[in-house]
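> The file below is run21.txt, compact mmCIF, C-alpha atoms:
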```
# COMPACT_ATOMS: atom_id res chain seq x y z
CA MET C 170 -23.10 15.89 -3.28
CA ILE C 171 -21.99 12.27 -3.70
CA ARG C 172 -18.58 13.50 -4.85
CA GLU C 173 -18.31 15.68 -1.74
CA ARG C 174 -19.28 12.81 0.54
CA LEU C 175 -16.75 10.50 -1.11
CA ALA C 176 -14.04 13.10 -0.57
CA ARG C 177 -15.09 13.72 3.03
CA GLU C 178 -15.99 10.23 4.26
CA GLY C 179 -14.48 7.78 1.79
CA ARG C 180 -16.83 4.82 1.39
CA VAL C 181 -20.45 5.64 0.55
CA LEU C 182 -23.36 3.19 0.73
CA ALA C 183 -26.19 3.25 -1.77
CA ALA C 184 -28.84 2.60 0.90
CA ASP C 185 -27.64 5.51 3.06
CA LEU C 186 -27.49 7.88 0.10
CA ALA C 187 -30.98 6.89 -1.00
CA GLU C 188 -32.35 7.65 2.46
CA THR C 189 -30.45 10.94 2.74
CA PHE C 190 -31.63 12.25 -0.63
CA ALA C 191 -35.10 10.63 -0.52
CA VAL C 192 -34.62 8.82 -3.82
CA SER C 193 -34.58 5.16 -4.81
CA GLU C 194 -31.47 2.98 -4.54
CA ASP C 195 -31.73 2.44 -8.31
CA THR C 196 -31.27 6.19 -8.79
CA ILE C 197 -28.20 6.17 -6.54
CA ARG C 198 -26.76 3.13 -8.29
CA ARG C 199 -27.13 4.89 -11.65
CA ASP C 200 -25.30 7.93 -10.25
CA LEU C 201 -22.53 5.72 -8.90
CA ARG C 202 -22.19 3.93 -12.23
CA GLU C 203 -21.88 7.29 -13.97
CA LEU C 204 -19.22 8.48 -11.51
CA ALA C 205 -17.33 5.19 -11.91
CA ALA C 206 -17.45 5.51 -15.72
CA ARG C 207 -15.84 8.96 -15.35
CA GLY C 208 -13.11 7.52 -13.16
CA GLU C 209 -14.27 9.36 -10.05
CA CYS C 210 -14.91 6.31 -7.85
CA LEU C 211 -14.79 2.54 -7.84
CA ARG C 212 -17.97 0.53 -7.37
CA VAL C 213 -17.90 -1.97 -4.51
CA TYR C 214 -20.62 -4.12 -2.99
CA GLY C 215 -23.35 -1.88 -1.65
CA GLY C 216 -21.77 1.42 -2.68
CA ALA C 217 -18.52 2.99 -3.85
CA LEU C 218 -15.00 3.96 -2.74
CA PRO C 219 -12.62 6.66 -3.95
CA PHE C 220 -9.99 5.40 -6.37
CA ALA C 221 -6.65 4.60 -4.80
CA PRO C 222 -4.16 7.45 -5.34
CA ARG C 223 -1.69 7.33 -8.23
CA ALA C 224 1.22 9.61 -7.41
CA GLY C 225 3.56 8.92 -10.33
CA THR C 226 6.62 6.74 -10.76
CA LEU C 227 8.68 5.33 -7.89
CA SER C 228 11.31 8.03 -8.49
CA GLN C 229 8.65 10.73 -8.13
CA ARG C 230 7.04 9.13 -5.07
CA ARG C 231 10.37 8.90 -3.26
CA ASP C 232 10.26 12.67 -2.75
CA GLN C 233 6.68 12.82 -1.44
CA ALA C 234 5.78 12.82 2.28
CA VAL C 235 9.27 11.59 3.07
CA ALA C 236 9.20 12.22 6.82
CA ARG C 237 5.87 10.44 7.28
CA LYS C 238 6.95 7.45 5.21
CA LEU C 239 10.22 7.31 7.12
CA ARG C 240 8.38 7.00 10.45
CA LEU C 241 6.25 4.19 9.00
CA ALA C 242 9.38 2.45 7.75
CA GLU C 243 11.13 2.76 11.11
CA ARG C 244 8.17 1.17 12.88
CA VAL C 245 8.17 -1.75 10.43
CA ALA C 246 11.93 -2.27 10.54
CA ALA C 247 11.93 -2.28 14.34
CA GLY C 248 9.61 -5.29 14.37
CA ILE C 249 11.71 -7.54 12.14
CA MET C 250 13.45 -10.38 13.95
CA PRO C 251 17.14 -11.01 13.13
CA GLY C 252 17.66 -14.02 10.88
CA SER C 253 14.25 -13.72 9.23
CA THR C 254 13.55 -14.24 5.55
CA LEU C 255 11.71 -11.23 4.12
CA PHE C 256 10.13 -10.31 0.86
CA ILE C 257 9.98 -6.53 0.42
CA ASP C 258 7.52 -5.56 -2.28
CA ALA C 259 8.08 -2.50 -4.47
CA GLY C 260 7.02 0.89 -3.11
CA SER C 261 8.43 4.17 -1.85
CA THR C 262 7.68 3.41 1.81
CA ASN C 263 9.06 -0.12 1.43
CA LEU C 264 12.24 1.31 -0.05
CA LEU C 265 12.70 3.25 3.19
CA VAL C 266 12.10 0.02 5.14
CA ALA C 267 15.02 -1.56 3.26
CA GLU C 268 17.21 1.44 4.03
CA ARG C 269 16.37 1.12 7.74
CA LEU C 270 17.35 -2.55 8.07
CA ALA C 271 20.39 -2.98 10.30
CA PRO C 272 23.57 -4.49 8.83
CA GLY C 273 24.67 -7.72 10.44
CA SER C 274 21.11 -8.82 11.19
CA GLY C 275 21.43 -12.11 9.34
CA LEU C 276 18.39 -11.35 7.18
CA THR C 277 17.67 -12.82 3.78
CA VAL C 278 15.71 -10.26 1.76
CA ALA C 279 14.07 -11.02 -1.57
CA THR C 280 12.51 -8.29 -3.66
CA ASN C 281 11.17 -7.57 -7.12
CA ALA C 282 12.32 -3.94 -6.97
CA PRO C 283 15.82 -3.08 -8.26
CA ALA C 284 15.86 0.11 -6.15
CA ILE C 285 15.32 -1.93 -2.99
CA ALA C 286 18.06 -4.40 -3.97
CA CYS C 287 20.44 -1.47 -4.54
CA ALA C 288 19.59 -0.05 -1.10
CA LEU C 289 20.69 -3.35 0.45
CA GLN C 290 23.78 -4.13 -1.62
CA ASP C 291 26.29 -2.55 0.79
CA LYS C 292 24.69 -3.84 4.01
CA GLN C 293 26.97 -6.53 5.41
CA GLY C 294 25.19 -9.54 6.89
CA ILE C 295 22.07 -9.20 4.72
CA ALA C 296 21.68 -11.61 1.79
CA THR C 297 19.72 -10.07 -1.07
CA VAL C 298 17.77 -11.88 -3.80
CA LEU C 299 16.45 -9.86 -6.75
CA LEU C 300 13.71 -11.42 -8.87
CA GLY C 301 13.96 -10.97 -12.61
CA GLY C 302 11.31 -10.12 -15.18
CA ARG C 303 10.06 -7.10 -17.07
CA LEU C 304 10.71 -3.82 -15.25
CA HIS C 305 7.49 -1.84 -14.89
CA GLY C 306 8.33 1.85 -14.94
CA GLU C 307 5.48 3.25 -12.84
CA SER C 308 5.75 0.82 -9.93
CA GLY C 309 9.52 0.25 -10.11
CA ALA C 310 8.84 -3.49 -9.89
CA CYS C 311 9.80 -6.49 -11.98
CA LEU C 312 6.59 -8.15 -13.13
CA GLY C 313 5.38 -10.82 -15.52
CA SER C 314 5.62 -14.59 -15.96
CA GLN C 315 9.32 -14.85 -15.10
CA THR C 316 8.83 -12.93 -11.87
CA LEU C 317 5.89 -15.15 -10.92
CA ARG C 318 7.88 -18.33 -11.56
CA GLU C 319 10.77 -17.16 -9.40
CA ALA C 320 8.41 -15.98 -6.64
CA GLU C 321 6.86 -19.45 -6.42
CA ARG C 322 10.10 -20.74 -4.89
CA LEU C 323 9.94 -18.32 -1.98
CA ARG C 324 8.34 -18.83 1.43
CA PRO C 325 9.20 -15.65 3.34
CA THR C 326 8.75 -15.38 7.08
CA VAL C 327 7.33 -11.89 6.51
CA LEU C 328 6.02 -10.31 3.35
CA ILE C 329 6.16 -6.51 3.49
CA LEU C 330 3.51 -5.80 0.92
CA GLY C 331 2.91 -2.67 -1.09
CA ALA C 332 -0.82 -1.89 -1.25
CA CYS C 333 -2.14 0.61 -3.80
CA GLY C 334 -5.55 0.68 -2.13
CA LEU C 335 -6.62 -0.74 1.24
CA ASP C 336 -10.11 -1.08 2.65
CA ALA C 337 -11.50 -3.45 5.27
CA GLY C 338 -14.36 -4.40 2.96
CA ALA C 339 -12.82 -4.16 -0.51
CA GLY C 340 -9.52 -5.64 0.68
CA ILE C 341 -6.04 -5.11 -0.72
CA THR C 342 -6.03 -3.86 -4.31
CA ALA C 343 -3.52 -2.96 -7.03
CA HIS C 344 -3.53 -0.71 -10.07
CA HIS C 345 -2.20 -3.31 -12.51
CA LEU C 346 -3.20 -6.93 -13.14
CA GLU C 347 0.37 -8.25 -13.10
CA GLU C 348 0.99 -6.49 -9.78
CA ALA C 349 -2.11 -8.08 -8.29
CA GLU C 350 -1.10 -11.54 -9.53
CA LEU C 351 2.37 -11.34 -8.01
CA LYS C 352 1.21 -9.89 -4.71
CA GLY C 353 -1.48 -12.56 -4.39
CA SER C 354 0.99 -15.34 -5.18
CA LEU C 355 3.44 -14.09 -2.56
CA MET C 356 0.70 -13.80 0.06
CA GLU C 357 -0.22 -17.47 -0.39
CA ARG C 358 3.23 -18.57 0.78
CA ALA C 359 4.18 -15.91 3.33
CA GLY C 360 4.13 -16.62 7.04
CA GLU C 361 2.84 -13.12 7.83
CA VAL C 362 1.82 -10.17 5.68
CA TRP C 363 2.59 -6.63 6.83
CA VAL C 364 1.55 -3.34 5.25
CA ALA C 365 2.73 0.18 6.06
CA ALA C 366 0.16 2.56 4.60
CA THR C 367 -0.03 6.32 4.34
CA THR C 368 -3.48 7.65 5.25
CA ASP C 369 -4.40 8.52 1.66
CA LYS C 370 -4.45 4.81 0.74
CA LEU C 371 -6.95 3.77 3.40
CA ALA C 372 -10.63 3.44 2.48
CA THR C 373 -9.72 3.47 -1.22
CA ALA C 374 -9.63 0.78 -3.89
CA ALA C 375 -7.71 0.17 -7.11
CA SER C 376 -8.90 -1.82 -10.10
CA PHE C 377 -7.53 -5.30 -9.29
CA THR C 378 -8.13 -7.37 -6.17
CA VAL C 379 -5.14 -8.91 -4.37
CA ALA C 380 -6.62 -10.46 -1.21
CA PRO C 381 -9.09 -9.84 1.63
CA ALA C 382 -7.92 -7.41 4.32
CA ARG C 383 -8.23 -10.11 7.01
CA ARG C 384 -5.15 -11.78 5.47
CA LEU C 385 -3.00 -9.01 6.97
CA ALA C 386 -1.19 -9.79 10.21
CA ARG C 387 0.04 -6.25 10.82
CA LEU C 388 -0.95 -2.80 9.60
CA VAL C 389 1.21 0.24 10.40
CA VAL C 390 -0.49 3.61 9.88
CA GLU C 391 0.51 7.24 10.35
CA TYR C 392 0.45 8.74 13.82
CA ASP C 393 -2.53 10.97 12.99
CA CYS C 394 -4.55 8.54 10.90
CA PRO C 395 -8.24 8.97 11.87
CA GLU C 396 -9.45 6.15 14.10
CA PRO C 397 -12.53 5.39 11.91
CA LEU C 398 -10.12 4.39 9.14
CA VAL C 399 -8.20 2.03 11.43
CA SER C 400 -10.88 0.38 13.57
CA PRO C 401 -12.44 -1.70 10.75
CA PHE C 402 -9.09 -3.48 10.30
CA ALA C 403 -8.75 -4.09 14.04
CA ALA C 404 -12.24 -5.61 13.98
CA LEU C 405 -10.94 -8.15 11.44
CA GLY C 406 -8.18 -9.21 13.84
CA VAL C 407 -5.39 -7.24 12.16
CA ALA C 408 -2.74 -5.89 14.57
CA CYS C 409 -2.84 -2.13 13.97
CA GLU C 410 0.02 0.14 15.07
CA ARG C 411 0.77 3.82 14.72
CA ALA C 412 4.08 5.33 13.68
CA GLU C 413 5.66 8.16 15.63
CA ALA C 414 5.01 11.75 14.61
CA PRO C 415 7.65 13.12 12.21
CA ASP C 416 9.84 16.06 13.11
CA ALA C 417 8.58 19.21 11.36
CA MET C 418 11.97 19.83 9.70
CA GLU C 419 12.74 16.20 8.93
CA GLY C 420 10.99 16.12 5.54
CA PRO C 421 12.83 19.11 4.00
CA ARG C 422 16.17 17.80 5.28
CA LEU C 423 15.56 14.36 3.79
CA ARG C 424 14.47 15.78 0.44
CA ARG C 425 17.60 17.93 0.24
CA ALA C 426 19.75 14.93 1.10
CA ALA C 427 18.04 12.80 -1.55
CA ARG C 428 18.54 15.47 -4.22
CA HIS C 429 22.19 15.84 -3.23
CA ALA C 430 22.72 12.06 -3.41
CA ALA C 431 21.05 11.92 -6.83
```
If you took the structure in this file and wrote it as structure tokens, what would it be?

Amino acid sequence: MIRERLAREGRVLAADLAETFAVSEDTIRRDLRELAARGECLRVYGGALPFAPRAGTLSQRRDQAVARKLRLAERVAAGIMPGSTLFIDAGSTNLLVAERLAPGSGLTVATNAPAIACALQDKQGIATVLLGGRLHGESGACLGSQTLREAERLRPTVLILGACGLDAGAGITAHHLEEAELKGSLMERAGEVWVAATTDKLATAASFTVAPARRLARLVVEYDCPEPLVSPFAALGVACERAEAPDAMEGPRLRRAARHAA
């Protein structure tokens, strides 16, 4: 029943479960520890959250929910002021943000993702900086000590962050320690932090903490994201926006185009 509630509602609280099932909180906490040990949830203060989704490598994720991610990316790109200095973190949605940036906008874009740098290389009027380091296959990001050292020189106007898991209470989380270290370091120096998140990432948590959710300046969610998933961020003072609804045929067209280009 706890599994079903996690799947249906996301976050569960030990006190609420104890009252619902007429058992002690110690009993619920033991159940949650057992579920966490099996990899079925992540323990957080007072209860548990579903694990943040892991949908494969960047190459695999590029072909998933393309139309929805494109609408998120368009909403983010539309808010970027010409002449800004950006850091675009690795991620399939963030890759689409890079593709949507207008040539001639006078932007300086730094990234730790080779795929994002390649998407920008032919855009006139956009200066691109690619951080070095060890390329991490799953995330498509350069990570490690070299990447951290190079990132320490940057003070972007806007950091477009990739979040593996995102919850108003548990904060911004990442699947890998090196990812969390780099994201946290970048957030310390960024003027504003933006996240574009598909609905499946909200009210979930990954294994490593990046920063509290209140550090976000802007959160862009899908057009049909349930309001109970969004309102806790708005209560923290985060500017929450919804993307436009995707065209029903847009996803298949984009996937065919991507396969043809590949």
> How close does segment 345-365 of chain C get to segment 396-419 of chain C? List, as a Markdown table, each residue of segment 345-365 of chain C within 12 Å, its nearest atom pair and the distance in Å to one decimal, counting all atoms listed in the file.

```
| residue | atom | partner | partner_atom | distance |
| --- | --- | --- | --- | --- |
| C:Glu361 | CA | C:Val407 | CA | 11.0 |
| C:Val362 | CA | C:Val407 | CA | 10.1 |
| C:Trp363 | CA | C:Ala408 | CA | 9.4 |
| C:Val364 | CA | C:Cys409 | CA | 9.8 |
| C:Ala365 | CA | C:Ala412 | CA | 9.3 |
```
> Have a look at atom CA of Gln229 of chain C and atom CA of Leu289 of chain C and let me know their distance in Å, one decimal.
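Computing it gives 20.4 Å between the two atoms.
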> Tell me which protein, DNA and RNA residues are within 10 Å of Ile171 of chain C, counting only C-alpha atoms, leaving out same-chain ones fewer than 3 positions away, and put them as a list of chain:residue names.
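What passes the distance filter is C:Arg174, C:Leu175, C:Ala176, C:Arg177, C:Val181, C:Leu186, C:Ile197, C:Asp200, C:Leu201, C:Leu204, C:Ala217.
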> What are the closest atom pairs, with distances in Å to one decimal, for each residue of segment 338-408 of chain C lying within 12 Å of segment 259-266 of chain C, using only C-alpha atoms, rows by chain and rising residue number, as JSON lines?

```
{"residue": "C:Ala343", "atom": "CA", "partner": "C:Gly260", "partner_atom": "CA", "distance": 11.9}
{"residue": "C:Glu348", "atom": "CA", "partner": "C:Ala259", "partner_atom": "CA", "distance": 9.7}
{"residue": "C:Leu351", "atom": "CA", "partner": "C:Ala259", "partner_atom": "CA", "distance": 11.1}
{"residue": "C:Lys352", "atom": "CA", "partner": "C:Ala259", "partner_atom": "CA", "distance": 10.1}
{"residue": "C:Trp363", "atom": "CA", "partner": "C:Asn263", "partner_atom": "CA", "distance": 10.6}
{"residue": "C:Val364", "atom": "CA", "partner": "C:Asn263", "partner_atom": "CA", "distance": 9.0}
{"residue": "C:Ala365", "atom": "CA", "partner": "C:Thr262", "partner_atom": "CA", "distance": 7.3}
{"residue": "C:Ala366", "atom": "CA", "partner": "C:Thr262", "partner_atom": "CA", "distance": 8.1}
{"residue": "C:Thr367", "atom": "CA", "partner": "C:Thr262", "partner_atom": "CA", "distance": 8.6}
{"residue": "C:Val389", "atom": "CA", "partner": "C:Thr262", "partner_atom": "CA", "distance": 11.2}
{"residue": "C:Val390", "atom": "CA", "partner": "C:Thr262", "partner_atom": "CA", "distance": 11.5}
{"residue": "C:Glu391", "atom": "CA", "partner": "C:Thr262", "partner_atom": "CA", "distance": 11.8}
```
> State, in Å with one decimal place, the distance from atom CA of Leu255 of chain C to atom CA of Ile329 of chain C.
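These atoms are spaced 7.3 Å apart.
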> Of the residues C:Gly252, C:Pro283, C:Gly215, C:Pro272, which is the one nearest to Gly306 of chain C, using only C-alpha atoms?
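Smallest separation from Gly306 of chain C among the options: C:Pro283.
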> Can you tell me how far atom CA of Ile341 of chain C sits from atom CA of Asn281 of chain C, in Å to one decimal?
18.5 Å
> Between C:Arg212, C:Arg237, C:Lys292, C:Arg198, which has the minimum distance to Asp393 of chain C (counting only C-alpha atoms)?
C:Arg237
> Which one is closest to Cys287 of chain C: C:Ala267, C:Glu347, C:Gln315, C:His305? Count only C-alpha atoms.
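That would be C:Ala267, the residue with the smallest distance to Cys287 of chain C.
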